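Student: File follows, structure_9.txt with compact mmCIF, C-alpha atoms and all ligand atoms:
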```
# COMPACT_ATOMS: atom_id res chain seq x y z
CA MET A 860 7.76 4.80 -20.00
CA LYS A 861 4.03 4.24 -19.70
CA LYS A 862 2.63 2.07 -16.95
CA LEU A 863 0.78 -1.14 -17.65
CA TRP A 864 -2.53 -1.09 -15.76
CA ILE A 865 -3.97 -4.35 -14.48
CA GLY A 866 -7.27 -3.98 -12.70
CA THR A 867 -10.55 -5.51 -11.79
CA SER A 868 -14.05 -4.33 -11.00
CA TRP A 869 -15.86 -6.72 -8.72
CA LYS A 870 -19.21 -5.48 -10.06
CA MET A 871 -21.90 -6.35 -7.47
CA ASN A 872 -20.04 -9.24 -5.88
CA LYS A 873 -18.41 -10.14 -2.54
CA ASP A 874 -19.11 -9.32 1.10
CA SER A 875 -16.87 -7.86 3.85
CA ASP A 876 -15.13 -11.15 4.56
CA SER A 877 -14.45 -12.10 0.96
CA ALA A 878 -13.36 -8.53 0.14
CA GLN A 879 -10.87 -8.65 3.00
CA ALA A 880 -9.69 -12.14 2.04
CA TRP A 881 -9.03 -10.98 -1.55
CA ALA A 882 -6.99 -8.01 -0.31
CA SER A 883 -4.98 -10.11 2.15
CA ALA A 884 -4.16 -12.69 -0.52
CA VAL A 885 -3.13 -10.08 -3.11
CA LEU A 886 -1.13 -7.87 -0.73
CA PRO A 887 2.10 -9.90 -0.49
CA ARG A 888 2.39 -10.17 -4.28
CA ILE A 889 1.72 -6.49 -4.89
CA GLU A 890 4.77 -5.41 -2.95
CA LYS A 891 7.15 -7.18 -5.33
CA LEU A 892 5.78 -5.93 -8.61
CA HIS A 893 7.79 -4.09 -11.23
CA PRO A 894 7.30 -0.33 -10.70
CA GLN A 895 5.91 0.03 -14.24
CA LEU A 896 2.89 -2.05 -13.28
CA GLN A 897 -0.16 -0.25 -11.94
CA PRO A 898 -2.58 -2.57 -10.16
CA PHE A 899 -6.08 -1.36 -9.32
CA VAL A 900 -9.26 -2.72 -7.84
CA ILE A 901 -12.79 -1.35 -7.96
CA PRO A 902 -14.97 -2.87 -5.24
CA PRO A 903 -18.64 -2.07 -4.59
CA PHE A 904 -19.07 1.19 -2.62
CA PRO A 905 -19.43 -0.38 0.86
CA TYR A 906 -15.99 -2.02 0.63
CA ILE A 907 -13.94 0.85 -0.81
CA SER A 908 -12.76 2.00 2.63
CA SER A 909 -11.70 -1.39 3.95
CA VAL A 910 -10.02 -2.42 0.69
CA SER A 911 -8.18 0.87 0.34
CA SER A 912 -6.91 0.72 3.89
CA ALA A 913 -5.54 -2.77 3.23
CA PHE A 914 -3.17 -1.42 0.57
CA ASP A 915 -0.54 1.26 0.23
CA ALA A 916 -2.24 3.81 -2.04
CA SER A 917 1.01 4.46 -3.87
CA VAL A 918 1.01 0.84 -5.04
CA MET A 919 -2.60 -0.29 -5.43
CA LYS A 920 -5.19 2.17 -6.66
CA VAL A 921 -8.74 1.66 -5.43
CA GLY A 922 -11.79 3.04 -7.14
CA ALA A 923 -15.57 3.33 -7.35
CA GLN A 924 -17.83 1.78 -9.97
CA ASN A 925 -19.89 4.92 -10.41
CA MET A 926 -20.20 8.45 -9.02
CA CYS A 927 -22.55 11.42 -9.10
CA TRP A 928 -21.34 14.59 -10.82
CA GLN A 929 -22.64 16.69 -7.93
CA GLU A 930 -20.72 17.28 -4.72
CA GLU A 931 -23.57 17.11 -2.23
CA GLY A 932 -27.26 17.69 -1.84
CA ALA A 933 -30.62 16.15 -2.57
CA PHE A 934 -29.46 13.27 -4.77
CA THR A 935 -30.86 10.23 -3.00
CA GLY A 936 -28.94 7.07 -3.59
CA GLU A 937 -25.93 8.77 -5.14
CA VAL A 938 -22.30 8.94 -4.04
CA SER A 939 -20.29 12.11 -4.58
CA PRO A 940 -16.68 12.58 -5.69
CA LEU A 941 -15.88 13.87 -2.19
CA MET A 942 -17.23 10.67 -0.65
CA VAL A 943 -15.24 8.49 -3.04
CA LYS A 944 -12.07 10.36 -2.05
CA ASP A 945 -12.98 10.27 1.62
CA CYS A 946 -13.18 6.47 1.43
CA GLY A 947 -9.75 6.19 -0.18
CA GLY A 948 -10.87 5.93 -3.81
CA SER A 949 -8.74 7.56 -6.49
CA VAL A 950 -10.27 6.08 -9.67
CA VAL A 951 -13.88 6.29 -10.87
CA GLU A 952 -15.24 3.86 -13.40
CA MET A 953 -17.99 5.34 -15.58
CA GLY A 954 -20.01 4.42 -18.62
CA HIS A 955 -19.79 0.65 -18.21
CA SER A 956 -22.23 -1.00 -20.62
CA GLU A 957 -24.12 -2.58 -17.71
CA ARG A 958 -24.80 0.89 -16.33
CA ARG A 959 -25.69 2.22 -19.78
CA ALA A 960 -28.09 -0.67 -20.44
CA GLN A 961 -29.70 -1.04 -17.02
CA PHE A 962 -29.32 2.25 -15.18
CA GLY A 963 -29.74 4.93 -17.80
CA GLU A 964 -26.11 6.02 -18.10
CA THR A 965 -25.64 8.12 -21.23
CA ASP A 966 -22.70 9.66 -23.04
CA GLU A 967 -23.82 12.99 -21.64
CA THR A 968 -23.85 11.87 -18.00
CA VAL A 969 -20.48 10.19 -18.54
CA ASN A 970 -19.14 13.54 -19.73
CA MET A 971 -20.50 15.26 -16.62
CA LYS A 972 -18.88 12.60 -14.45
CA VAL A 973 -15.55 12.96 -16.27
CA HIS A 974 -15.53 16.68 -15.48
CA ALA A 975 -16.57 16.08 -11.86
CA ALA A 976 -13.84 13.50 -11.36
CA LEU A 977 -11.20 15.78 -12.87
CA ARG A 978 -12.34 18.70 -10.70
CA HIS A 979 -11.65 16.56 -7.66
CA GLY A 980 -8.38 15.02 -8.78
CA LEU A 981 -9.92 11.59 -9.37
CA THR A 982 -8.98 9.45 -12.36
CA PRO A 983 -11.96 8.92 -14.66
CA LEU A 984 -11.92 5.42 -16.15
CA VAL A 985 -14.31 5.78 -19.06
CA CYS A 986 -15.74 2.56 -20.47
CA VAL A 987 -16.81 2.54 -24.10
CA GLY A 988 -17.92 -0.34 -26.27
CA ASP A 989 -19.83 -1.48 -29.33
CA SER A 990 -22.82 -3.81 -29.22
CA GLY A 991 -23.09 -7.10 -31.10
CA LYS A 992 -25.47 -5.43 -33.56
CA GLU A 993 -23.12 -2.51 -34.18
CA LYS A 994 -20.37 -5.04 -34.86
CA ARG A 995 -22.57 -6.92 -37.37
CA TRP A 996 -23.59 -3.68 -39.06
CA GLY A 997 -19.94 -2.66 -39.41
CA VAL A 998 -20.32 0.54 -37.39
CA SER A 999 -18.28 -0.41 -34.32
CA ARG A 1000 -15.68 2.30 -34.84
CA GLU A 1001 -18.22 5.05 -35.33
CA ALA A 1002 -20.13 3.88 -32.24
CA VAL A 1003 -17.06 3.75 -30.02
CA ILE A 1004 -15.47 6.98 -31.25
CA LYS A 1005 -18.77 8.81 -30.70
CA GLN A 1006 -18.79 7.61 -27.08
CA VAL A 1007 -15.15 8.69 -26.63
CA LYS A 1008 -15.70 12.14 -28.12
CA ILE A 1009 -18.79 12.91 -26.05
CA ALA A 1010 -17.15 11.59 -22.86
CA LEU A 1011 -14.22 13.96 -23.45
CA TYR A 1012 -16.27 16.97 -24.57
CA GLU A 1013 -14.60 20.14 -23.26
CA VAL A 1014 -11.90 18.28 -21.38
CA PRO A 1015 -8.89 20.57 -21.81
CA ASP A 1016 -5.39 19.49 -22.80
CA HIS A 1017 -3.98 19.93 -19.32
CA GLN A 1018 -6.49 17.49 -17.82
CA ILE A 1019 -6.52 14.82 -20.50
CA PRO A 1020 -3.45 12.89 -19.23
CA GLN A 1021 -5.53 12.06 -16.15
CA VAL A 1022 -8.22 10.24 -18.17
CA ILE A 1023 -8.18 6.50 -18.86
CA ILE A 1024 -10.32 4.87 -21.53
CA ALA A 1025 -11.32 1.21 -21.41
CA TYR A 1026 -12.53 -0.39 -24.62
CA GLU A 1027 -15.05 -3.00 -23.53
CA PRO A 1028 -16.99 -4.50 -26.43
CA ILE A 1029 -20.43 -5.45 -25.13
CA TRP A 1030 -20.27 -8.69 -27.13
CA ALA A 1031 -17.13 -9.67 -25.21
CA ILE A 1032 -18.29 -9.07 -21.63
CA GLY A 1033 -19.54 -11.67 -19.17
CA GLU A 1034 -20.52 -15.35 -19.25
CA SER A 1035 -21.88 -15.25 -22.79
CA GLY A 1036 -19.14 -12.96 -24.08
CA ILE A 1037 -16.64 -13.94 -26.75
CA PRO A 1038 -13.32 -12.23 -26.04
CA ALA A 1039 -12.07 -9.87 -28.72
CA THR A 1040 -9.03 -11.31 -30.43
CA PRO A 1041 -5.86 -9.32 -29.75
CA GLN A 1042 -6.08 -8.10 -33.38
CA GLU A 1043 -9.70 -6.94 -32.99
CA ALA A 1044 -8.89 -5.19 -29.74
CA GLU A 1045 -5.75 -3.58 -31.16
CA SER A 1046 -7.58 -2.37 -34.23
CA MET A 1047 -10.19 -0.56 -32.09
CA HIS A 1048 -7.51 0.79 -29.74
CA PHE A 1049 -5.66 2.12 -32.77
CA ALA A 1050 -8.86 3.85 -33.95
CA ILE A 1051 -9.39 5.36 -30.49
CA ARG A 1052 -5.78 6.54 -30.40
CA ARG A 1053 -6.19 8.13 -33.82
CA ALA A 1054 -9.32 9.99 -32.66
CA LEU A 1055 -7.46 11.16 -29.55
CA ARG A 1056 -4.59 12.38 -31.72
CA GLU A 1057 -7.06 14.45 -33.73
CA LEU A 1058 -8.48 15.92 -30.54
CA TYR A 1059 -5.33 16.42 -28.48
CA GLY A 1060 -2.33 15.98 -30.76
CA ALA A 1061 0.07 13.06 -30.92
CA ASP A 1062 2.05 13.65 -27.74
CA LEU A 1063 -0.92 13.82 -25.38
CA ALA A 1064 -2.84 11.08 -27.19
CA ASP A 1065 0.09 8.68 -27.20
CA ALA A 1066 0.65 9.22 -23.49
CA MET A 1067 -2.94 8.26 -22.64
CA THR A 1068 -3.76 4.90 -21.11
CA LEU A 1069 -6.13 2.68 -23.09
CA LEU A 1070 -7.30 -0.53 -21.43
CA TYR A 1071 -9.03 -3.54 -22.91
CA GLY A 1072 -11.82 -5.35 -21.03
CA GLY A 1073 -14.18 -8.18 -21.92
CA SER A 1074 -13.50 -11.83 -21.07
CA VAL A 1075 -9.83 -11.27 -20.38
CA ASN A 1076 -8.49 -14.56 -19.03
CA LEU A 1077 -5.22 -16.28 -18.20
CA ASP A 1078 -4.88 -17.54 -21.78
CA ASN A 1079 -5.48 -14.34 -23.72
CA ALA A 1080 -4.04 -11.69 -21.35
CA SER A 1081 -0.44 -12.00 -22.53
CA ASN A 1082 -1.25 -11.52 -26.23
CA LEU A 1083 -3.57 -8.63 -25.47
CA LEU A 1084 -0.87 -6.92 -23.42
CA ASP A 1085 1.60 -7.31 -26.29
CA GLN A 1086 -0.46 -5.07 -28.57
CA PRO A 1087 1.09 -1.64 -29.13
CA ASN A 1088 -2.04 0.36 -28.28
CA ILE A 1089 -3.17 -1.73 -25.32
CA ASP A 1090 -1.81 -0.29 -22.09
CA GLY A 1091 -3.42 -2.73 -19.71
CA VAL A 1092 -6.46 -4.86 -19.03
CA PHE A 1093 -9.64 -4.32 -17.05
CA VAL A 1094 -10.91 -7.64 -15.87
CA GLY A 1095 -14.09 -9.07 -14.36
CA ARG A 1096 -14.56 -12.77 -13.62
CA THR A 1097 -10.97 -13.96 -13.99
CA ALA A 1098 -9.76 -11.56 -11.30
CA TRP A 1099 -12.55 -11.98 -8.76
CA ASN A 1100 -10.57 -14.64 -7.00
CA ALA A 1101 -7.24 -13.46 -5.71
CA SER A 1102 -5.28 -16.22 -7.39
CA GLY A 1103 -6.65 -15.27 -10.83
CA TYR A 1104 -5.76 -11.64 -10.25
CA VAL A 1105 -2.28 -12.51 -8.98
CA GLN A 1106 -1.69 -14.70 -12.04
CA LEU A 1107 -2.68 -11.80 -14.29
CA LEU A 1108 -0.20 -9.61 -12.43
CA GLU A 1109 2.49 -12.27 -12.97
CA ILE A 1110 1.75 -12.33 -16.71
CA ALA A 1111 2.03 -8.54 -16.86
CA ASN A 1112 5.13 -8.52 -14.67
CA SER A 1113 6.88 -10.97 -17.00
CA LYS A 1114 6.66 -8.33 -19.77
CA PHE A 1115 9.28 -6.33 -17.88
CA SER A 1116 11.66 -9.14 -17.04
CA SER A 1117 11.97 -10.69 -20.51
P1 LIG B 1 -15.53 -9.97 -17.74
O1 LIG B 1 -16.04 -8.51 -17.38
O2 LIG B 1 -14.02 -9.96 -17.66
O3 LIG B 1 -16.14 -10.85 -16.68
O4 LIG B 1 -16.01 -10.30 -19.12
C1 LIG B 1 -15.41 -7.42 -17.99
C2 LIG B 1 -16.07 -6.14 -17.63
O5 LIG B 1 -17.30 -6.04 -17.58
O6 LIG B 1 -15.34 -5.16 -17.40
```
How does the structure come out when it is put into structure tokens?

Tutor:
Amino acid sequence: MKKLWIGTSWKMNKDSDSAQAWASAVLPRIEKLHPQLQPFVIPPFPYISSVSSAFDASVMKVGAQNMCWQEEGAFTGEVSPLMVKDCGGSVVEMGHSERRAQFGETDETVNMKVHAALRHGLTPLVCVGDSGKEKRWGVSREAVIKQVKIALYEVPDHQIPQVIIAYEPIWAIGESGIPATPQEAESMHFAIRRALRELYGADLADAMTLLYGGSVNLDNASNLLDQPNIDGVFVGRTAWNASGYVQLLEIANSKFSS
């Protein structure tokens, strides 16, 4: 049975003390989770080491919010896959719309990062999403599937189970975002799954993990998690305080006890 992934990226938030406080508050709850739940946290680079050493890596996965596709060298300001691993990271987020909009991330660089992550045994967590305009124009599916296909260009069958895709509509993210309804999210996840089936066949595509992100909160998480093609949620604001994250874990955990 597939795992249900419940994770958060802190974006550019927290300091050493608040990072540690979050980990200490989440730790006791993590140990009692159903084994089908996969919690993960993606802190800013400087806190990856301390957060990862607070948790048992077999329970809580820790990741990076970005990564260079090169291993070492003259790439000022970049962080390599080897460094992410060295700090205890096992997941690498890539292609988030904030990085695409503000830091020049493209489908092509996402693809290079996917390959680099896979070469080093890291889990690429590829974020894709349609803009408000694309939604209005009725081209959301085309926009998202194009991002998915380029991100996965030349990723072979044997590596694809390692890749996670997060559908994060740009119009749903952040303070001004309007969360996708569970039906909207499911409909896009279904379209992504169909595209993956075309690329990799039904068995591999169906085994892949597809997350939803964008204004996930304590009210909508349960319905989102009930959708057949949603295998977890990737959360910002609601999970930045430990109690919000723990409550999301409780919601997900209840799916296994009922
Ligand atoms: P949000 O962020 O939950 O605060 O909307 C989601 C994201 O950017 O992944």

Student: For ligand LIG 1 (chain B), list the contacting residues at 8 Å or closer, counting only C-alpha atoms and all ligand atoms, as an MDAnalysis selection string.

Tutor: chainID A and resid 867:868 870 955:957 1027 1031:1034 1036 1038 1072:1076 1093:1098

Student: Can you tell me which residues surround stretch 1058-1069 of chain A at a distance of at most 9 Å, considering only C-alpha atoms, apart from same-chain residues fewer than 3 positions away, and format the answer as JSON, numbers by chain?

Tutor: {"A": [861, 862, 863, 864, 1008, 1015, 1016, 1019, 1020, 1021, 1022, 1023, 1024, 1025, 1026, 1048, 1051, 1052, 1053, 1054, 1055, 1088, 1089, 1090, 1091, 1092]}

Student: Using only C-alpha atoms, which residue out of A:Phe1049, A:Tyr1071, A:Trp1099, A:Phe962 lies closest to A:Gly988?

Tutor: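 Nearest candidate to A:Gly988 out of A:Phe1049, A:Tyr1071, A:Trp1099, A:Phe962: A:Tyr1071.
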
Student: Grab the atom CA of A:Pro940 to atom CA of A:Asn970 distance for me, in Å with one decimal place.

Tutor: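 Atom CA of A:Asn970 lies 14.3 Å from atom CA of A:Pro940.
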
Student: Which residue gives the smallest distance to A:Ala884 among A:Trp996, A:Ala913, A:Ile865, A:Tyr1012, with only C-alpha atoms counted?

Tutor: A:Ala913

Student: Would you mind reading off the distance between atom CA of A:Glu890 and atom CA of A:Val1105, one decimal, in Å?

Tutor: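 Going from atom CA of A:Glu890 over to atom CA of A:Val1105, I get 11.7 Å.
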
Student: May I ask for the distance between atom CA of A:Leu886 and atom CA of A:Ser908, given in Å to one decimal place?

Tutor: 15.6 Å

Student: What's the 10 Å shell around A:Arg888, counting only C-alpha atoms, without same-chain residues fewer than 5 positions away, as a PyMOL selection string?

Tutor: chain A and resi 883+1105-1106+1108-1109

Student: Compile the contact shell of A:His979 as a PyMOL selection string: residues with an atom at most 10 Å away, counting all atoms listed in the file, same-chain residues fewer than 6 positions apart removed.

Tutor: chain A and resi 930+940-941+943-944+949

Student: Once you have the residues from the selection above, write them out as a JSON list (two decimals), in the frame of the given file, restricted to C-alpha atoms.

Tutor:
```json
[["chain", "number", "residue", "atom", "x", "y", "z"],
["A", 930, "GLU", "CA", -20.72, 17.28, -4.72],
["A", 940, "PRO", "CA", -16.68, 12.58, -5.69],
["A", 941, "LEU", "CA", -15.88, 13.87, -2.19],
["A", 943, "VAL", "CA", -15.24, 8.49, -3.04],
["A", 944, "LYS", "CA", -12.07, 10.36, -2.05],
["A", 949, "SER", "CA", -8.74, 7.56, -6.49]]
```

Student: Restricting the calculation to only C-alpha atoms: of A:Met919, A:Cys986, A:Ile901, A:Val910, which residue gets closest to A:Ala880?

Tutor: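 Using only C-alpha atoms, A:Ala880 sits closest to A:Val910.
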
Student: Measuring atom to atom with all atoms listed in the file, identify which of A:Val998, A:Val951, A:Ala878, A:Val1007 is nearest to A:Gly980.

Tutor: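 Nearest to A:Gly980: A:Val951.
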
Student: Here is a test: counting all atoms listed in the file, which residue of A:Leu896, A:Ala916, A:Leu977, A:Val969 is nearest to A:Leu1084?

Tutor: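 Checking each of A:Leu896, A:Ala916, A:Leu977, A:Val969 against A:Leu1084, counting all atoms listed in the file, the winner is A:Leu896.
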